[in-house]
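Novice: Okay, handing you the structure first.
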Amino acid sequence: MSKSRIKESLEEIRLHGRGGQGVVLYSELIARAALYEGSFARSFPWFGIARRGAPVTAFVVMGEGDKITRSMVYNPKYVVVLDPQLHKVMPGVTRGIRIGGVYIQNSTKTPDELLEELELDTKLSVIATIDATGIAMKYMGVPIPNIVMLGAFARVTNLITFDSAVKAVKARFPKDAWENYLKCLEAGYENIRVEVLEDGE
């Protein structure tokens with residue numbers, strides 16, 4: 001697998017989903033994978049109404065340790081959405097994304113189809129989709145897309161490597177869960193559909 005690279009002094013990632021989809025755990029796994037590669041990283045959640053199915057936002061910041069705070073990320077370069085329909089009821093998921101940003105969503109739609117539905121106020125450089133819920137159901141029997149989306153994140157952003165994602169999963173979950181979880185991770189890495197947009201900067 002290719003080596004990851006952190007290009008900027010701070011890499012800011014914003015994650016959106018619903019309660020029960022593992023958004024907070026997802027942010028922790030991304031941060032843990034970055035730490036395995038020697039990069040300082042911090043993850044932290046922001047909750048709205050504390051109930052299953054309610055919108056949940058989490059953040060990951062990678063970079064120099066003395067520059068990372070627990071402030072909310074308002075202008076991320078990377079936005080990841082774990083719920084296939086959230087952009088329809090919460091169009092603000094794309095708010096503040098930087099010019100040339102990267103957008104990844106759990107969706108059965110193609111990147112082009114999803115792009116037509118998004119309310120964007122800036123130009124993306126990359127949009128990517130994957131049926132993470134379907135893959136999670138296939139390998140784990142539950143509609144929790146976070147492990148699939150971890151693999152997709154590694155493939156699209158190159159901020160973490162696949163190998164570091166594997167280490168993060170193994171460190172977080174018991175050994176008897178590894179087989180199916182790693183199948184989800186690999187499927188996310190291999191099956192993500194990516195569209196590079198020429199208009200992005």
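Residues are named by chain letter and number: chains run A, B, ... in the order of the structure tokens, numbers start at 1 in each chain, and ligands are numbered from 1 in the order shown.
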Report as a Markdown table: every residue of region 40-144 of chain A with an atom at most 9 Å from region 151-163 of chain A, its closest pair of atoms, and their distance in Å to one decimal, counting only C-alpha atoms, with rows sorted by chain and ascending residue number.

Specialist:
```
| residue | atom | partner | partner_atom | distance |
| --- | --- | --- | --- | --- |
| A:Met62 | CA | A:Leu159 | CA | 9.0 |
| A:Tyr78 | CA | A:Thr157 | CA | 8.1 |
| A:Val80 | CA | A:Phe153 | CA | 8.1 |
| A:Val102 | CA | A:Thr157 | CA | 7.8 |
| A:Ile104 | CA | A:Phe153 | CA | 7.6 |
| A:Val126 | CA | A:Val156 | CA | 8.4 |
| A:Ala128 | CA | A:Val156 | CA | 7.7 |
| A:Thr129 | CA | A:Ala152 | CA | 8.6 |
| A:Ile130 | CA | A:Ala152 | CA | 7.7 |
| A:Ala132 | CA | A:Ala152 | CA | 9.0 |
```

Novice: Please produce a file of those selected residues containing N, CA and C atoms, as an mmCIF file, in the first residue's frame.

Specialist:
```
data_model
loop_
_atom_site.group_PDB
_atom_site.id
_atom_site.type_symbol
_atom_site.label_atom_id
_atom_site.label_comp_id
_atom_site.auth_asym_id
_atom_site.auth_seq_id
_atom_site.Cartn_x
_atom_site.Cartn_y
_atom_site.Cartn_z
ATOM 1 N N MET A 62 -5.174 16.824 12.031
ATOM 2 C CA MET A 62 -3.838 16.231 11.995
ATOM 3 C C MET A 62 -2.825 17.343 11.752
ATOM 4 N N TYR A 78 -11.559 18.243 4.017
ATOM 5 C CA TYR A 78 -12.171 16.925 3.811
ATOM 6 C C TYR A 78 -13.492 16.852 4.565
ATOM 7 N N VAL A 80 -16.660 14.006 5.163
ATOM 8 C CA VAL A 80 -17.117 12.630 4.976
ATOM 9 C C VAL A 80 -18.504 12.501 5.596
ATOM 10 N N VAL A 102 -12.337 17.822 -0.667
ATOM 11 C CA VAL A 102 -12.604 16.412 -0.975
ATOM 12 C C VAL A 102 -13.863 15.995 -0.216
ATOM 13 N N ILE A 104 -16.585 12.797 0.494
ATOM 14 C CA ILE A 104 -16.806 11.352 0.423
ATOM 15 C C ILE A 104 -18.129 11.051 1.105
ATOM 16 N N VAL A 126 -12.368 16.584 -5.585
ATOM 17 C CA VAL A 126 -12.682 15.152 -5.617
ATOM 18 C C VAL A 126 -14.025 14.918 -4.952
ATOM 19 N N ALA A 128 -16.418 11.351 -4.010
ATOM 20 C CA ALA A 128 -16.343 9.892 -4.029
ATOM 21 C C ALA A 128 -17.539 9.303 -3.298
ATOM 22 N N THR A 129 -18.003 8.146 -3.782
ATOM 23 C CA THR A 129 -19.145 7.466 -3.161
ATOM 24 C C THR A 129 -18.872 5.975 -3.034
ATOM 25 N N ILE A 130 -19.531 5.382 -2.048
ATOM 26 C CA ILE A 130 -19.459 3.934 -1.858
ATOM 27 C C ILE A 130 -20.697 3.474 -1.097
ATOM 28 N N ALA A 132 -21.495 1.928 1.521
ATOM 29 C CA ALA A 132 -20.903 1.419 2.760
ATOM 30 C C ALA A 132 -21.910 0.649 3.600
#
```

Novice: Quick one: residues within 9 Å of Glu195 (chain A), only C-alpha atoms counted, chain neighbours fewer than 2 positions away excluded, as a PyMOL selection string?

Specialist: chain A and resi 110-112+125-129+193+197

Novice: For the alpha helix (DSSP H) assignment from backbone DSSP, which residues of region 86-135 of chain A qualify? Please present them as a list in words.

Specialist: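 Alpha helix (DSSP H) members of region 86-135 of chain A, listed: Leu86, His87, Lys88, Val89, Pro111, Asp112, Glu113, Leu114, Leu115, Glu116, Glu117, Ala132, Thr133, Gly134 and Ile135 of chain A.
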
Novice: I need the chosen residues saved as a PDB file, in the first residue's frame, with C-alpha atoms.

Specialist:
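Resulting contents of result.pdb:
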```pdb
ATOM      1  CA  LEU A  86     -28.261  13.326   5.296  1.00  0.00           C
ATOM      2  CA  HIS A  87     -27.373  15.875   2.610  1.00  0.00           C
ATOM      3  CA  LYS A  88     -31.080  16.122   1.724  1.00  0.00           C
ATOM      4  CA  VAL A  89     -32.280  16.991   5.222  1.00  0.00           C
ATOM      5  CA  PRO A 111     -20.206  10.572  -7.766  1.00  0.00           C
ATOM      6  CA  ASP A 112     -21.727  12.503 -10.688  1.00  0.00           C
ATOM      7  CA  GLU A 113     -25.276  11.721  -9.548  1.00  0.00           C
ATOM      8  CA  LEU A 114     -24.535  12.786  -5.992  1.00  0.00           C
ATOM      9  CA  LEU A 115     -22.806  15.973  -7.129  1.00  0.00           C
ATOM     10  CA  GLU A 116     -26.031  17.107  -8.795  1.00  0.00           C
ATOM     11  CA  GLU A 117     -27.872  16.806  -5.460  1.00  0.00           C
ATOM     12  CA  ALA A 132     -20.903   1.419   2.760  1.00  0.00           C
ATOM     13  CA  THR A 133     -24.190   0.355   4.339  1.00  0.00           C
ATOM     14  CA  GLY A 134     -24.614  -2.484   1.853  1.00  0.00           C
ATOM     15  CA  ILE A 135     -21.063  -3.700   2.406  1.00  0.00           C
TER      16      ILE A 135
END
```

Novice: So which bits of region 43-198 of chain A end up strand (DSSP E or B) when you DSSP the backbone, as a PyMOL selection string?

Specialist: chain A and resi 43-47+55-63+78-81+101-106+124-130+193-196

Novice: Compare A:Thr94, A:Ser9, A:Asn146, A:Ser43 by their minimum atom-to-atom distance to Gly188 (chain A), counting only C-alpha atoms, and give me the closest one.

Specialist: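 Result for the nearest residue to Gly188 (chain A): A:Asn146.
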
Novice: Using only C-alpha atoms, which residue out of A:Ile13, A:Val148, A:Leu182, A:Ala187 lies closest to Arg98 (chain A)?

Specialist: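 The closest residue to Arg98 (chain A) is A:Ile13.
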
Novice: Using only C-alpha atoms, find the one residue out of A:Val79, A:Met137, A:Met72, A:Val169 that sits nearest to Ala31 (chain A).

Specialist: A:Val169

Novice: I'd like the contact shell of Asp121 (chain A) - 9 Å cut-off, only C-alpha atoms, skipping same-chain residues fewer than 6 positions apart - returned as a PyMOL selection string.

Specialist: chain A and resi 94-97

Novice: Generate the output file for the selected residues, N, CA and C atoms, as a compact mmCIF listing (two decimals), in the first residue's frame.

Specialist:
```txt
# COMPACT_ATOMS: atom_id res chain seq x y z
N THR A 94 -22.14 20.40 3.60
CA THR A 94 -21.10 20.88 2.68
C THR A 94 -20.64 22.29 3.03
N ARG A 95 -21.25 22.90 4.03
CA ARG A 95 -20.94 24.30 4.34
C ARG A 95 -19.48 24.46 4.77
N GLY A 96 -18.83 25.45 4.20
CA GLY A 96 -17.49 25.80 4.63
C GLY A 96 -16.38 24.98 4.02
N ILE A 97 -16.70 23.96 3.23
CA ILE A 97 -15.63 23.15 2.65
C ILE A 97 -14.77 24.01 1.74
```

Novice: Rank A:Leu15, A:Leu185, A:Val142, A:Ala171 by their smallest atom-to-atom distance to Leu82 (chain A), using only C-alpha atoms, and report the top residue only.

Specialist: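 Looking at the shortest contact to Leu82 (chain A), the residue is A:Leu15.
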
Novice: Determine, counting only C-alpha atoms, which protein, DNA and RNA residues have an atom within 9 Å of an atom of Trp46 (chain A); residues of the same chain fewer than 5 positions away are not included. Present the result as a ChimeraX atom specification.

Specialist: /A:24,56-59,72

Novice: Would you mind listing what lies within 10 Å of Glu179 (chain A) as JSON, numbers by chain, with only C-alpha atoms counted and same-chain residues fewer than 3 positions away left out?

Specialist: {"A": [139, 140, 170, 175, 176, 182, 183, 184, 185]}

Novice: Export, as a PDB file, in the first residue's frame, the selected residues with N, CA and C atoms.

Specialist:
```pdb
ATOM      1  N   TYR A 139     -20.987  -8.116   5.318  1.00  0.00           N
ATOM      2  CA  TYR A 139     -19.924  -8.737   6.108  1.00  0.00           C
ATOM      3  C   TYR A 139     -20.179  -8.762   7.621  1.00  0.00           C
ATOM      4  N   MET A 140     -20.990  -7.810   8.120  1.00  0.00           N
ATOM      5  CA  MET A 140     -21.202  -7.754   9.564  1.00  0.00           C
ATOM      6  C   MET A 140     -22.655  -7.978   9.966  1.00  0.00           C
ATOM      7  N   LYS A 170      -7.544  -3.326  14.517  1.00  0.00           N
ATOM      8  CA  LYS A 170      -7.108  -4.421  15.385  1.00  0.00           C
ATOM      9  C   LYS A 170      -6.899  -3.951  16.824  1.00  0.00           C
ATOM     10  N   LYS A 175     -10.223  -9.712  18.881  1.00  0.00           N
ATOM     11  CA  LYS A 175      -9.674 -10.505  17.785  1.00  0.00           C
ATOM     12  C   LYS A 175     -10.742 -11.285  17.028  1.00  0.00           C
ATOM     13  N   ASP A 176     -11.801 -11.722  17.725  1.00  0.00           N
ATOM     14  CA  ASP A 176     -12.818 -12.517  17.039  1.00  0.00           C
ATOM     15  C   ASP A 176     -13.664 -11.686  16.072  1.00  0.00           C
ATOM     16  N   LEU A 182     -12.130  -6.471   8.901  1.00  0.00           N
ATOM     17  CA  LEU A 182     -11.089  -6.234   7.903  1.00  0.00           C
ATOM     18  C   LEU A 182     -11.599  -6.464   6.483  1.00  0.00           C
ATOM     19  N   LYS A 183     -12.587  -7.331   6.331  1.00  0.00           N
ATOM     20  CA  LYS A 183     -13.242  -7.465   5.033  1.00  0.00           C
ATOM     21  C   LYS A 183     -13.957  -6.171   4.663  1.00  0.00           C
ATOM     22  N   CYS A 184     -14.616  -5.565   5.643  1.00  0.00           N
ATOM     23  CA  CYS A 184     -15.271  -4.273   5.413  1.00  0.00           C
ATOM     24  C   CYS A 184     -14.253  -3.202   5.043  1.00  0.00           C
ATOM     25  N   LEU A 185     -13.164  -3.180   5.777  1.00  0.00           N
ATOM     26  CA  LEU A 185     -12.122  -2.186   5.534  1.00  0.00           C
ATOM     27  C   LEU A 185     -11.561  -2.331   4.115  1.00  0.00           C
TER      28      LEU A 185
END
```

Novice: Here is a test: counting only C-alpha atoms, which residue of A:Ala34, A:Val61, A:Ala54, A:Leu10 is nearest to Ala165 (chain A)?

Specialist: A:Ala34
